[in-house]
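See below for the structure under consideration.
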Amino acid sequence: MTLSGYTWRQQAFEPGRWKSIFATPSVILRASGSVGVAFLMWLVGACIAATGTAVYMELGTGLPRSGGEKNYLEYIYRKPKFLATHTYSVYALIAPGHATANSVVFGEYVIHSLSLVPSRYNTRLVAVLCLTFCLLTHGTTVKWGLRLQNALGMFKIIILFMITTCGMFCLVGVPGFGVREGYDPPNNFKWKHFWEGSGKGTNAFVTGLYNVMWSFIGYSNANYALSEIRDPVRTIKRAAPAAMLLATTVYLFINVAYFSVVSKADILGSQRIVAALFFRNLFGPTAEKTLSVFIALSTLGNLLSGQFIRGRIAQELGREAVLPFSPILASNKPFNAPLAALFAQYLVSCTLVLVLPPGDAYLFIIGLSSYSLALINSLVSFGLLLLYTPLYRIRNWNPPFQSPKIIIVLFFLSNIFLVSVPLIPPALGSRVYDHLPYWLHVFVALSVSLTGVGYWYVRCVWLPRRKAISWSGNGSFRTTVSPDMFSVKLLLPLEKFWKPPPPLVWAA
């Protein structure tokens with residue numbers, strides 16, 4: 001199965017982009033304190049995402065195979081042996097947090113469309129059903145799953161076009177597109193209100209920026225499935241800049257539309273259904289319920305795309321025997337689809353959906369995922385800079401696309417900023433969570449990283465020593481084959497495997 005350029009653009013931007021514009025504006029406004037600072041966050045986030053797009057374009061064209069950051073970390077940080085792979089594998093286990101957050105948003109919009117009161121149980125029941133549908137779709141019929149997510153992607157573009165057009169009509173005063181009586185008229189673009197409430201502090205700014213970056217997270221996701229993209233180098237060089245420009249333009253126009261129709265107070269109180277309030281203010285409660293169904297379907301498209309990508313990550317780790325039950329995870333049986341890898345992701349996602357409490361859960365998942373990604377992006381961008389130093393000149397790094405060095409440096413510094421600032425306590429009167437400590441997502445993300453290091457030490461250092469086996473220097477790879485002919489690399493002592501395999505050759 002190979003992906004066309006259009007499908008690649010879907011993969012690149014679906015998992016994080018588009019669905020967040022239905023869910024995060026209220027969170028970003030809460031963190032910013034004012035409409036003006038919220039727009040500033042979107043602009044800063046777009047700049048960071050643009051530099052990240054350039055960095056991952058270079059890495060994707062230089063190493064055009066599925067795996068994403070795992071491949072890049074392995075290629076750059078080769079010592080200690082296997083440390084990068086094992087540490088990343090633990091991070092991959094919390095990656096289903098993306099699906100967890102998306103499924104909760106889907107459940108909230110479905111419950112809202114049915115005029116039911118959202119609760120911990122009905123929202124999560126719908127979320128689990130949604131995750132199950134995604135598992136069965138991509139785990140049994142990949143071809144039809146791709147067709148469905150592409151169709152929902154086109155449908156989502158129509159919804160976004162409707163919001164943008166209606167919001168612009170309301171802003172300029174076109175008859176029939178004004179805010180209905182009984183709802184607060186927005187005054188968000190009057191200068192005295194535009195910056196009102198600013199000054200929440202640096203920690204709050206980064207919290208809002210995390211939600212913006214969550215929306216732009218798609219700039220690296222397509223690199224996870226490059227092996228399934230037709231002519232990946234050519235596709236990346238053409239599709240990535242176009243998709244980035246499109247996403248930035250759409251986000252700015254959608255935010256203008258929201259603030260033109262919905263008052264600041266309503267947005268702050270909307271939780272994650274601000275798009276539903278947008279249609280309510282313009283067309284009444286009936287349209288609000290109907291269009292909530294359409295928004296839920298748009299979110300379903302994001303979930304399908306996200307699960308397609310995340311399943312490939314678990315499968316790649318299975319092919320390298322990093323996770324337990326690797327031959328099963330690497331297999332495409334029985335439907336010529338990564339059902340086992342998707343099922344592993346499904347179990348983690350459902351556990352998070354059912355265990356995490358309501359309220360702070362959504363924000364915690366975004367914070368944890370964004371902070372972990374900032375850690376990885378810091379290592380990836382720093383490693384890319386290392387490839388241009390004399391120490392790494394032996395690698396002969398010369399990809400078809402090379403981003404300017406200043407862009408790589410800016411991306412590295414921006415991620416260092418995103419990693420460091422959350423350690424600063426929030427300003428008085430500002431808070432990250434309602435009931436959780438502000439540093440919890442930082443603590444969990446760093447704990448996950450340390451767990452990965454511990455997993456590597458036990459598996460590659462302690463156990464071999466305990467069995468009197470040397471895995472570093474005197475160890476080797478043996479290539480075995482899974483039932484459906486996918487190679488799986490297993491670690492064996494050299495005493496049992498004398499002839500070393502040919503060295504791994506990366507695409508130039």
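Ligands are numbered from 1 in the order shown, chains are lettered A, B, ... in the order of the structure tokens, and residues start at 1 in each chain.
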Would you mind listing what lies within 9 Å of region 59-69 of chain A as a CSV table (one decimal) with all heavy atoms, in the first residue's frame, with only C-alpha atoms counted and same-chain residues fewer than 3 positions away left out?
chain,number,residue,atom,x,y,z
A,54,ALA,N,10.8,22.4,8.4
A,54,ALA,CA,12.1,22.3,7.6
A,54,ALA,C,13.0,21.3,8.2
A,54,ALA,O,13.7,20.6,7.4
A,54,ALA,CB,12.7,23.7,7.7
A,55,VAL,N,13.1,21.2,9.5
A,55,VAL,CA,14.0,20.2,10.1
A,55,VAL,C,13.6,18.8,9.7
A,55,VAL,O,14.4,17.9,9.3
A,55,VAL,CB,14.0,20.3,11.6
A,55,VAL,CG1,14.7,19.1,12.3
A,55,VAL,CG2,14.8,21.6,12.0
A,56,TYR,N,12.3,18.5,9.8
A,56,TYR,CA,11.8,17.1,9.5
A,56,TYR,C,11.8,16.8,8.0
A,56,TYR,O,11.8,15.7,7.6
A,56,TYR,CB,10.5,16.9,10.2
A,56,TYR,CG,10.6,16.5,11.6
A,56,TYR,CD1,10.6,17.5,12.6
A,56,TYR,CD2,10.8,15.2,12.0
A,56,TYR,CE1,10.8,17.1,13.9
A,56,TYR,CE2,10.9,14.8,13.3
A,56,TYR,CZ,10.9,15.8,14.3
A,56,TYR,OH,11.1,15.4,15.6
A,72,TYR,N,15.8,8.7,13.4
A,72,TYR,CA,16.7,9.9,13.4
A,72,TYR,C,17.6,9.8,14.7
A,72,TYR,O,18.8,10.0,14.7
A,72,TYR,CB,16.0,11.2,13.4
A,72,TYR,CG,14.9,11.2,12.3
A,72,TYR,CD1,13.7,11.9,12.5
A,72,TYR,CD2,15.2,10.6,11.1
A,72,TYR,CE1,12.8,11.9,11.5
A,72,TYR,CE2,14.2,10.6,10.1
A,72,TYR,CZ,13.0,11.2,10.3
A,72,TYR,OH,12.0,11.3,9.3
A,73,LEU,N,17.0,9.4,15.8
A,73,LEU,CA,17.7,9.3,17.1
A,73,LEU,C,18.7,8.1,17.0
A,73,LEU,O,19.8,8.2,17.5
A,73,LEU,CB,16.7,9.0,18.2
A,73,LEU,CG,15.8,10.2,18.6
A,73,LEU,CD1,14.8,9.8,19.6
A,73,LEU,CD2,16.7,11.4,19.0
A,74,GLU,N,18.3,7.0,16.4
A,74,GLU,CA,19.2,5.9,16.2
A,74,GLU,C,20.4,6.2,15.3
A,74,GLU,O,21.5,5.8,15.5
A,74,GLU,CB,18.4,4.7,15.6
A,74,GLU,CG,17.5,4.0,16.5
A,74,GLU,CD,16.7,2.9,15.8
A,74,GLU,OE1,16.6,2.9,14.5
A,74,GLU,OE2,16.2,2.0,16.5
A,88,TYR,N,13.1,5.6,23.3
A,88,TYR,CA,12.0,6.0,22.4
A,88,TYR,C,10.8,5.1,22.5
A,88,TYR,O,9.6,5.5,22.4
A,88,TYR,CB,12.4,6.2,21.0
A,88,TYR,CG,11.3,6.7,20.1
A,88,TYR,CD1,11.1,8.1,20.0
A,88,TYR,CD2,10.6,5.8,19.3
A,88,TYR,CE1,10.1,8.5,19.1
A,88,TYR,CE2,9.6,6.3,18.5
A,88,TYR,CZ,9.3,7.6,18.4
A,88,TYR,OH,8.3,8.1,17.6
A,220,SER,N,5.5,16.5,11.8
A,220,SER,CA,6.5,15.3,11.8
A,220,SER,C,5.7,14.0,11.7
A,220,SER,O,6.4,13.0,11.5
A,220,SER,CB,7.2,15.3,13.2
A,220,SER,OG,6.4,15.1,14.3
A,221,ASN,N,4.4,14.0,11.7
A,221,ASN,CA,3.7,12.7,11.8
A,221,ASN,C,3.8,11.9,10.5
A,221,ASN,O,3.8,10.7,10.5
A,221,ASN,CB,2.2,12.9,12.1
A,221,ASN,CG,2.0,13.2,13.6
A,221,ASN,OD1,2.9,12.9,14.4
A,221,ASN,ND2,0.9,13.7,14.0
A,222,ALA,N,3.9,12.5,9.3
A,222,ALA,CA,3.9,11.8,8.1
A,222,ALA,C,5.3,11.0,8.0
A,222,ALA,O,5.4,10.1,7.2
A,222,ALA,CB,3.7,12.7,6.9
A,223,ASN,N,6.3,11.5,8.7
A,223,ASN,CA,7.6,10.8,8.6
A,223,ASN,C,7.5,9.4,9.2
A,223,ASN,O,8.4,8.6,9.0
A,223,ASN,CB,8.7,11.6,9.4
A,223,ASN,CG,9.0,12.9,8.7
A,223,ASN,OD1,8.1,13.6,8.2
A,223,ASN,ND2,10.3,13.2,8.5
A,224,TYR,N,6.5,9.1,10.0
A,224,TYR,CA,6.3,7.8,10.5
A,224,TYR,C,5.9,6.8,9.5
A,224,TYR,O,6.1,5.6,9.7
A,224,TYR,CB,5.2,7.8,11.6
A,224,TYR,CG,5.5,8.7,12.8
A,224,TYR,CD1,4.5,9.4,13.4
A,224,TYR,CD2,6.7,8.7,13.4
A,224,TYR,CE1,4.7,10.3,14.5
A,224,TYR,CE2,7.0,9.5,14.5
A,224,TYR,CZ,6.0,10.3,15.0
A,224,TYR,OH,6.2,11.1,16.1
A,225,ALA,N,5.4,7.2,8.4
A,225,ALA,CA,4.9,6.2,7.3
A,225,ALA,C,5.6,6.5,6.0
A,225,ALA,O,4.9,6.3,4.9
A,225,ALA,CB,3.4,6.3,7.2
A,226,LEU,N,6.8,6.9,5.9
A,226,LEU,CA,7.4,7.3,4.7
A,226,LEU,C,7.6,6.1,3.7
A,226,LEU,O,7.6,6.2,2.5
A,226,LEU,CB,8.8,7.9,4.9
A,226,LEU,CG,8.8,9.4,5.4
A,226,LEU,CD1,10.2,9.9,5.6
A,226,LEU,CD2,8.0,10.3,4.5
A,227,SER,N,7.7,4.9,4.3
A,227,SER,CA,7.9,3.7,3.5
A,227,SER,C,6.6,3.4,2.7
A,227,SER,O,6.7,2.6,1.7
A,227,SER,CB,8.2,2.5,4.4
A,227,SER,OG,9.5,2.6,5.0
A,228,GLU,N,5.5,3.9,3.1
A,228,GLU,CA,4.3,3.7,2.4
A,228,GLU,C,3.9,4.8,1.5
A,228,GLU,O,2.7,4.9,1.0
A,228,GLU,CB,3.2,3.4,3.4
A,228,GLU,CG,3.5,2.2,4.3
A,228,GLU,CD,2.3,1.8,5.2
A,228,GLU,OE1,1.2,1.6,4.6
A,228,GLU,OE2,2.6,1.6,6.4
A,232,PRO,N,8.7,9.3,-1.8
A,232,PRO,CA,8.7,10.1,-0.5
A,232,PRO,C,9.5,11.4,-0.6
A,232,PRO,O,9.0,12.4,-0.1
A,232,PRO,CB,9.2,9.2,0.5
A,232,PRO,CG,10.0,8.1,-0.2
A,232,PRO,CD,9.3,8.0,-1.5
A,233,VAL,N,10.6,11.4,-1.2
A,233,VAL,CA,11.5,12.6,-1.2
A,233,VAL,C,10.8,13.7,-2.0
A,233,VAL,O,10.6,14.8,-1.6
A,233,VAL,CB,12.8,12.3,-1.9
A,233,VAL,CG1,13.6,13.6,-2.0
A,233,VAL,CG2,13.6,11.3,-1.0
A,234,ARG,N,10.3,13.4,-3.2
A,234,ARG,CA,9.6,14.4,-4.0
A,234,ARG,C,8.3,14.9,-3.3
A,234,ARG,O,8.0,16.0,-3.3
A,234,ARG,CB,9.3,13.8,-5.4
A,234,ARG,CG,8.5,14.7,-6.3
A,234,ARG,CD,8.3,14.0,-7.7
A,234,ARG,NE,7.5,14.8,-8.6
A,234,ARG,CZ,6.2,14.6,-8.7
A,234,ARG,NH1,5.6,13.6,-7.9
A,234,ARG,NH2,5.4,15.3,-9.5
A,236,ILE,N,7.6,14.9,-0.1
A,236,ILE,CA,7.8,15.7,1.1
A,236,ILE,C,8.2,17.2,0.7
A,236,ILE,O,7.7,18.1,1.2
A,236,ILE,CB,9.0,15.1,1.9
A,236,ILE,CG1,8.5,13.9,2.7
A,236,ILE,CG2,9.5,16.1,3.0
A,236,ILE,CD1,9.6,13.2,3.4
A,237,LYS,N,9.1,17.3,-0.3
A,237,LYS,CA,9.5,18.6,-0.7
A,237,LYS,C,8.4,19.5,-1.3
A,237,LYS,O,8.4,20.7,-1.1
A,237,LYS,CB,10.7,18.4,-1.7
A,237,LYS,CG,11.9,17.8,-1.2
A,237,LYS,CD,12.9,17.5,-2.2
A,237,LYS,CE,13.5,18.7,-2.9
A,237,LYS,NZ,14.6,18.3,-3.8
A,312,ARG,N,1.7,2.2,12.9
A,312,ARG,CA,3.0,2.0,12.2
A,312,ARG,C,4.2,2.1,13.2
A,312,ARG,O,5.2,1.4,13.0
A,312,ARG,CB,3.1,2.9,11.0
A,312,ARG,CG,2.6,2.4,9.7
A,312,ARG,CD,1.2,2.2,9.7
A,312,ARG,NE,0.7,1.6,8.5
A,312,ARG,CZ,-0.6,1.1,8.4
A,312,ARG,NH1,-1.4,1.2,9.4
A,312,ARG,NH2,-0.9,0.5,7.3
A,313,ILE,N,4.1,3.0,14.1
A,313,ILE,CA,5.2,3.2,15.1
A,313,ILE,C,5.4,1.9,15.9
A,313,ILE,O,6.5,1.4,16.0
A,313,ILE,CB,4.9,4.3,16.0
A,313,ILE,CG1,4.8,5.6,15.2
A,313,ILE,CG2,6.0,4.5,17.1
A,313,ILE,CD1,4.4,6.8,16.1
A,316,GLU,N,6.9,-0.8,13.7
A,316,GLU,CA,8.3,-0.6,13.4
A,316,GLU,C,9.1,-1.1,14.7
A,316,GLU,O,10.2,-1.7,14.5
A,316,GLU,CB,8.6,0.8,13.1
A,316,GLU,CG,8.2,1.3,11.7
A,316,GLU,CD,9.0,0.6,10.7
A,316,GLU,OE1,10.3,0.4,10.8
A,316,GLU,OE2,8.4,0.1,9.7
A,317,LEU,N,8.7,-0.7,15.9
A,317,LEU,CA,9.4,-1.2,17.1
A,317,LEU,C,9.3,-2.7,17.2
A,317,LEU,O,10.2,-3.3,17.7
A,317,LEU,CB,8.7,-0.5,18.3
A,317,LEU,CG,9.0,1.0,18.4
A,317,LEU,CD1,8.1,1.6,19.5
A,317,LEU,CD2,10.4,1.3,18.6
A,376,ILE,N,12.0,15.4,22.7
A,376,ILE,CA,12.5,14.6,21.6
A,376,ILE,C,13.0,15.6,20.5
A,376,ILE,O,14.0,15.4,19.9
A,376,ILE,CB,11.4,13.7,21.0
A,376,ILE,CG1,11.2,12.6,22.0
A,376,ILE,CG2,11.8,13.1,19.7
A,376,ILE,CD1,10.1,11.6,21.7
A,377,ASN,N,12.2,16.7,20.2
A,377,ASN,CA,12.6,17.6,19.2
A,377,ASN,C,13.9,18.3,19.6
A,377,ASN,O,14.7,18.7,18.7
A,377,ASN,CB,11.5,18.7,19.0
A,377,ASN,CG,10.3,18.1,18.2
A,377,ASN,OD1,10.5,17.2,17.5
A,377,ASN,ND2,9.2,18.8,18.4
A,380,VAL,N,16.5,15.8,18.6
A,380,VAL,CA,16.6,15.6,17.1
A,380,VAL,C,17.3,16.8,16.4
A,380,VAL,O,18.1,16.7,15.6
A,380,VAL,CB,15.2,15.4,16.5
A,380,VAL,CG1,15.2,15.5,15.0
A,380,VAL,CG2,14.6,14.1,16.9
A,384,LEU,N,20.8,16.9,14.5
A,384,LEU,CA,21.0,17.4,13.1
A,384,LEU,C,22.1,18.4,13.0
A,384,LEU,O,22.9,18.3,12.0
A,384,LEU,CB,19.7,18.0,12.6
A,384,LEU,CG,19.6,18.4,11.2
A,384,LEU,CD1,20.0,17.2,10.2
A,384,LEU,CD2,18.2,19.0,10.8
A,397,TRP,N,26.6,13.1,5.5
A,397,TRP,CA,25.2,13.6,5.5
A,397,TRP,C,25.0,14.6,4.4
A,397,TRP,O,25.5,15.7,4.4
A,397,TRP,CB,24.9,14.2,6.9
A,397,TRP,CG,23.5,14.7,7.0
A,397,TRP,CD1,23.0,16.0,7.0
A,397,TRP,CD2,22.3,13.9,7.1
A,397,TRP,NE1,21.7,16.1,7.1
A,397,TRP,CE2,21.2,14.8,7.1
A,397,TRP,CE3,22.0,12.5,7.1
A,397,TRP,CZ2,19.9,14.4,7.2
A,397,TRP,CZ3,20.7,12.1,7.2
A,397,TRP,CH2,19.7,13.0,7.3
A,398,ASN,N,24.2,14.2,3.4
A,398,ASN,CA,24.0,15.1,2.2
A,398,ASN,C,22.6,14.8,1.7
A,398,ASN,O,22.5,14.2,0.6
A,398,ASN,CB,25.1,14.9,1.2
A,398,ASN,CG,24.9,15.9,0.1
A,398,ASN,OD1,24.5,17.0,0.3
A,398,ASN,ND2,25.4,15.5,-1.1
A,399,PRO,N,21.5,15.1,2.4
A,399,PRO,CA,20.2,14.8,2.0
A,399,PRO,C,19.8,15.7,0.8
A,399,PRO,O,20.3,16.7,0.5
A,399,PRO,CB,19.3,15.1,3.2
A,399,PRO,CG,20.1,16.2,3.9
A,399,PRO,CD,21.6,15.9,3.7
A,400,PRO,N,18.7,15.3,0.0
A,400,PRO,CA,18.2,16.0,-1.1
A,400,PRO,C,17.8,17.4,-0.7
A,400,PRO,O,17.8,18.4,-1.5
A,400,PRO,CB,17.1,15.2,-1.7
A,400,PRO,CG,17.4,13.8,-1.2
A,400,PRO,CD,18.1,14.0,0.1
A,401,PHE,N,17.2,17.6,0.5
A,401,PHE,CA,16.8,18.9,1.0
A,401,PHE,C,17.6,19.2,2.3
A,401,PHE,O,17.7,18.4,3.2
A,401,PHE,CB,15.3,18.9,1.3
A,401,PHE,CG,14.8,20.2,2.0
A,401,PHE,CD1,14.5,21.3,1.2
A,401,PHE,CD2,14.7,20.2,3.4
A,401,PHE,CE1,14.1,22.5,1.8
A,401,PHE,CE2,14.3,21.4,4.0
A,401,PHE,CZ,14.0,22.5,3.2
A,402,GLN,N,18.2,20.4,2.3
A,402,GLN,CA,18.9,20.9,3.5
A,402,GLN,C,18.3,22.2,4.0
A,402,GLN,O,18.2,23.1,3.2
A,402,GLN,CB,20.4,21.0,3.2
A,402,GLN,CG,21.1,19.7,2.9
A,402,GLN,CD,22.6,19.9,2.7
A,402,GLN,OE1,23.1,21.0,2.9
A,402,GLN,NE2,23.3,18.8,2.4
A,506,TRP,N,21.9,3.6,5.5
A,506,TRP,CA,20.8,4.6,5.5
A,506,TRP,C,20.8,5.3,4.1
A,506,TRP,O,21.8,5.5,3.5
A,506,TRP,CB,21.0,5.6,6.6
A,506,TRP,CG,20.9,5.0,8.0
A,506,TRP,CD1,21.9,4.4,8.7
A,506,TRP,CD2,19.8,4.9,8.8
A,506,TRP,NE1,21.5,4.0,9.9
A,506,TRP,CE2,20.2,4.2,10.0
A,506,TRP,CE3,18.4,5.2,8.6
A,506,TRP,CZ2,19.3,4.0,11.0
A,506,TRP,CZ3,17.6,5.0,9.7
A,506,TRP,CH2,18.0,4.3,10.8
A,507,ALA,N,19.6,5.6,3.7
A,507,ALA,CA,19.4,6.3,2.4
A,507,ALA,C,20.1,7.7,2.5
A,507,ALA,O,20.0,8.4,3.5
A,507,ALA,CB,18.0,6.5,2.0
A,508,ALA,N,20.8,8.0,1.4
A,508,ALA,CA,21.5,9.3,1.4
A,508,ALA,C,20.6,10.3,0.7
A,508,ALA,O,19.7,10.0,-0.1
A,508,ALA,CB,22.8,9.2,0.6
- Query: Using only C-alpha atoms, which residues sit within 9 Å of Tyr362 (chain A) once same-chain residues fewer than 2 positions away are excluded, as JSON, numbers by chain?
  - Reply: {"A": [100, 101, 104, 105, 356, 358, 359, 360, 364, 365, 366, 367]}
Written file, previous selection with N, CA, C and O atoms, as an mmCIF file, in the first residue's frame:
data_model
loop_
_atom_site.group_PDB
_atom_site.id
_atom_site.type_symbol
_atom_site.label_atom_id
_atom_site.label_comp_id
_atom_site.auth_asym_id
_atom_site.auth_seq_id
_atom_site.Cartn_x
_atom_site.Cartn_y
_atom_site.Cartn_z
ATOM 1 N N THR A 100 -6.408 9.431 22.926
ATOM 2 C CA THR A 100 -7.245 9.608 24.106
ATOM 3 C C THR A 100 -7.916 10.967 24.103
ATOM 4 O O THR A 100 -9.139 11.081 24.287
ATOM 5 N N ALA A 101 -7.137 12.016 23.886
ATOM 6 C CA ALA A 101 -7.700 13.367 23.873
ATOM 7 C C ALA A 101 -8.700 13.542 22.745
ATOM 8 O O ALA A 101 -9.785 14.108 22.926
ATOM 9 N N VAL A 104 -12.032 11.793 23.442
ATOM 10 C CA VAL A 104 -12.838 12.515 24.431
ATOM 11 C C VAL A 104 -13.551 13.694 23.780
ATOM 12 O O VAL A 104 -14.729 13.955 24.049
ATOM 13 N N VAL A 105 -12.843 14.415 22.896
ATOM 14 C CA VAL A 105 -13.479 15.519 22.169
ATOM 15 C C VAL A 105 -14.622 15.002 21.310
ATOM 16 O O VAL A 105 -15.706 15.595 21.263
ATOM 17 N N LEU A 356 -8.358 8.090 33.639
ATOM 18 C CA LEU A 356 -8.125 9.492 33.971
ATOM 19 C C LEU A 356 -9.416 10.186 34.388
ATOM 20 O O LEU A 356 -10.461 9.976 33.782
ATOM 21 N N PRO A 358 -12.173 13.314 34.931
ATOM 22 C CA PRO A 358 -12.575 14.422 34.068
ATOM 23 C C PRO A 358 -11.967 15.733 34.541
ATOM 24 O O PRO A 358 -11.339 15.817 35.593
ATOM 25 N N GLY A 359 -12.156 16.775 33.755
ATOM 26 C CA GLY A 359 -11.654 18.094 34.146
ATOM 27 C C GLY A 359 -10.260 18.333 33.610
ATOM 28 O O GLY A 359 -10.078 18.763 32.479
ATOM 29 N N ASP A 360 -9.269 18.013 34.432
ATOM 30 C CA ASP A 360 -7.881 18.271 34.075
ATOM 31 C C ASP A 360 -7.289 17.226 33.136
ATOM 32 O O ASP A 360 -6.167 17.393 32.651
ATOM 33 N N PHE A 364 -3.964 17.662 30.887
ATOM 34 C CA PHE A 364 -2.799 16.895 31.305
ATOM 35 C C PHE A 364 -2.245 16.066 30.145
ATOM 36 O O PHE A 364 -1.024 15.984 29.944
ATOM 37 N N ILE A 365 -3.128 15.456 29.357
ATOM 38 C CA ILE A 365 -2.679 14.650 28.220
ATOM 39 C C ILE A 365 -1.950 15.520 27.208
ATOM 40 O O ILE A 365 -0.887 15.155 26.684
ATOM 41 N N ILE A 366 -2.508 16.712 26.918
ATOM 42 C CA ILE A 366 -1.853 17.610 25.970
ATOM 43 C C ILE A 366 -0.505 18.071 26.518
ATOM 44 O O ILE A 366 0.502 18.104 25.802
ATOM 45 N N GLY A 367 -0.475 18.435 27.805
ATOM 46 C CA GLY A 367 0.774 18.872 28.400
ATOM 47 C C GLY A 367 1.832 17.786 28.396
ATOM 48 O O GLY A 367 2.999 18.038 28.068
#
- Message: Please identify the helix (DSSP H, G or I) residues within region 344-417 of chain A (assignment by DSSP from backbone atoms) and present them as a ChimeraX atom specification.
- Response: /A:344-355,361-386,390-395,405-417
Under the rule of at most 8 Å, produce a per-residue listing of region 239-341 of chain A near region 160-163 of chain A: chain, number, name, the closest pair of atoms, and the distance in Å, as CSV, using only C-alpha atoms.
residue,atom,partner,partner_atom,distance
A:Val250,CA,A:Leu160,CA,7.8
A:Ile254,CA,A:Ile163,CA,6.7
A:Ala257,CA,A:Ile163,CA,6.6
Take the residues from that selection and put them in a file with all heavy atoms, as a PDB file, in the first residue's frame.
ATOM      1  N   VAL A 250      -5.471  28.799   7.635  1.00  0.00           N
ATOM      2  CA  VAL A 250      -6.785  28.369   8.119  1.00  0.00           C
ATOM      3  C   VAL A 250      -6.942  28.683   9.603  1.00  0.00           C
ATOM      4  O   VAL A 250      -7.993  29.188  10.042  1.00  0.00           O
ATOM      5  CB  VAL A 250      -6.978  26.861   7.862  1.00  0.00           C
ATOM      6  CG1 VAL A 250      -8.198  26.326   8.613  1.00  0.00           C
ATOM      7  CG2 VAL A 250      -7.136  26.602   6.370  1.00  0.00           C
ATOM      8  N   ILE A 254      -9.848  31.009  11.136  1.00  0.00           N
ATOM      9  CA  ILE A 254     -10.835  30.385  12.021  1.00  0.00           C
ATOM     10  C   ILE A 254     -10.899  31.119  13.356  1.00  0.00           C
ATOM     11  O   ILE A 254     -11.990  31.344  13.914  1.00  0.00           O
ATOM     12  CB  ILE A 254     -10.489  28.898  12.236  1.00  0.00           C
ATOM     13  CG1 ILE A 254     -10.715  28.110  10.950  1.00  0.00           C
ATOM     14  CG2 ILE A 254     -11.321  28.311  13.361  1.00  0.00           C
ATOM     15  CD1 ILE A 254     -12.156  27.974  10.548  1.00  0.00           C
ATOM     16  N   ALA A 257     -12.817  34.188  12.937  1.00  0.00           N
ATOM     17  CA  ALA A 257     -14.249  33.868  12.853  1.00  0.00           C
ATOM     18  C   ALA A 257     -14.836  33.616  14.239  1.00  0.00           C
ATOM     19  O   ALA A 257     -15.920  34.128  14.574  1.00  0.00           O
ATOM     20  CB  ALA A 257     -14.443  32.649  11.956  1.00  0.00           C
TER      21      ALA A 257
END
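The environment of region 385-391 of chain A within 8 Å, counting only C-alpha atoms and disregarding residues fewer than 4 places along the same chain, consists of Ile76, Ser381, Arg395, Trp397, Lys405, Ile408 and Val409 of chain A.
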- Record the distance separating CA of Phe278 (chain A) and CA of Cys166 (chain A), expressed in Å with one decimal.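 Answer for the CA of Phe278 (chain A) to CA of Cys166 (chain A) separation: 9.5 Å.
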- With only C-alpha atoms as the atoms that count, which of A:Tyr455, A:Tyr258, A:Leu277, A:Tyr210 lies nearest to Val90 (chain A)? A:Tyr455
- Message: For Pro426 (chain A), find every residue with an atom within 12 Å (counting only C-alpha atoms), except residues of its own chain fewer than 5 positions away, and show them as a PyMOL selection string.
- Response: chain A and resi 31+199-207+421+431-433+437-439
Please, could you write that set of residues out with N, CA and C atoms as a CSV table (one decimal), in the first residue's frame?
chain,number,residue,atom,x,y,z
A,31,ALA,N,-5.3,30.6,28.9
A,31,ALA,CA,-3.9,30.7,29.2
A,31,ALA,C,-3.3,32.1,28.9
A,199,GLY,N,-1.0,39.4,30.6
A,199,GLY,CA,-0.1,39.4,31.8
A,199,GLY,C,-0.3,38.2,32.7
A,200,LYS,N,-0.5,37.0,32.1
A,200,LYS,CA,-0.7,35.8,32.9
A,200,LYS,C,0.6,35.2,33.3
A,201,GLY,N,1.7,35.6,32.8
A,201,GLY,CA,3.0,35.1,33.1
A,201,GLY,C,3.6,34.2,32.1
A,202,THR,N,4.9,33.9,32.2
A,202,THR,CA,5.6,33.1,31.2
A,202,THR,C,5.1,31.6,31.2
A,203,ASN,N,4.8,31.1,32.4
A,203,ASN,CA,4.4,29.7,32.5
A,203,ASN,C,3.0,29.5,31.8
A,204,ALA,N,2.1,30.5,32.0
A,204,ALA,CA,0.8,30.4,31.3
A,204,ALA,C,1.0,30.6,29.8
A,205,PHE,N,1.9,31.4,29.4
A,205,PHE,CA,2.2,31.6,27.9
A,205,PHE,C,2.6,30.3,27.3
A,206,VAL,N,3.5,29.5,28.0
A,206,VAL,CA,4.0,28.3,27.4
A,206,VAL,C,2.9,27.2,27.5
A,207,THR,N,2.0,27.3,28.5
A,207,THR,CA,0.9,26.4,28.6
A,207,THR,C,0.0,26.6,27.3
A,421,VAL,N,10.7,26.4,30.6
A,421,VAL,CA,9.8,27.4,31.2
A,421,VAL,C,8.8,26.7,32.1
A,431,ARG,N,-3.2,29.6,36.8
A,431,ARG,CA,-3.0,28.2,37.1
A,431,ARG,C,-3.0,27.3,35.9
A,432,VAL,N,-2.3,26.2,35.9
A,432,VAL,CA,-2.2,25.3,34.8
A,432,VAL,C,-3.3,24.4,34.8
A,433,TYR,N,-3.6,23.8,36.0
A,433,TYR,CA,-4.7,22.8,36.2
A,433,TYR,C,-5.6,23.3,37.3
A,437,PRO,N,-1.0,19.6,40.4
A,437,PRO,CA,0.1,20.6,40.5
A,437,PRO,C,0.6,20.9,39.1
A,438,TYR,N,1.1,22.2,39.0
A,438,TYR,CA,1.5,22.7,37.7
A,438,TYR,C,2.6,21.9,37.0
A,439,TRP,N,3.4,21.2,37.8
A,439,TRP,CA,4.6,20.5,37.3
A,439,TRP,C,4.4,19.1,37.0
- Item | Nearest to Lys156 (chain A), chosen from A:Pro175, A:Gly139, A:Gly301, A:Pro357, with only C-alpha atoms counted in the distances | A:Gly301
- Which one is closest to Tyr219 (chain A): A:Asn302, A:Ser26, A:Ser270, A:Thr53? Count only C-alpha atoms.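 Checking each candidate against Tyr219 (chain A), we get A:Thr53 as the closest.
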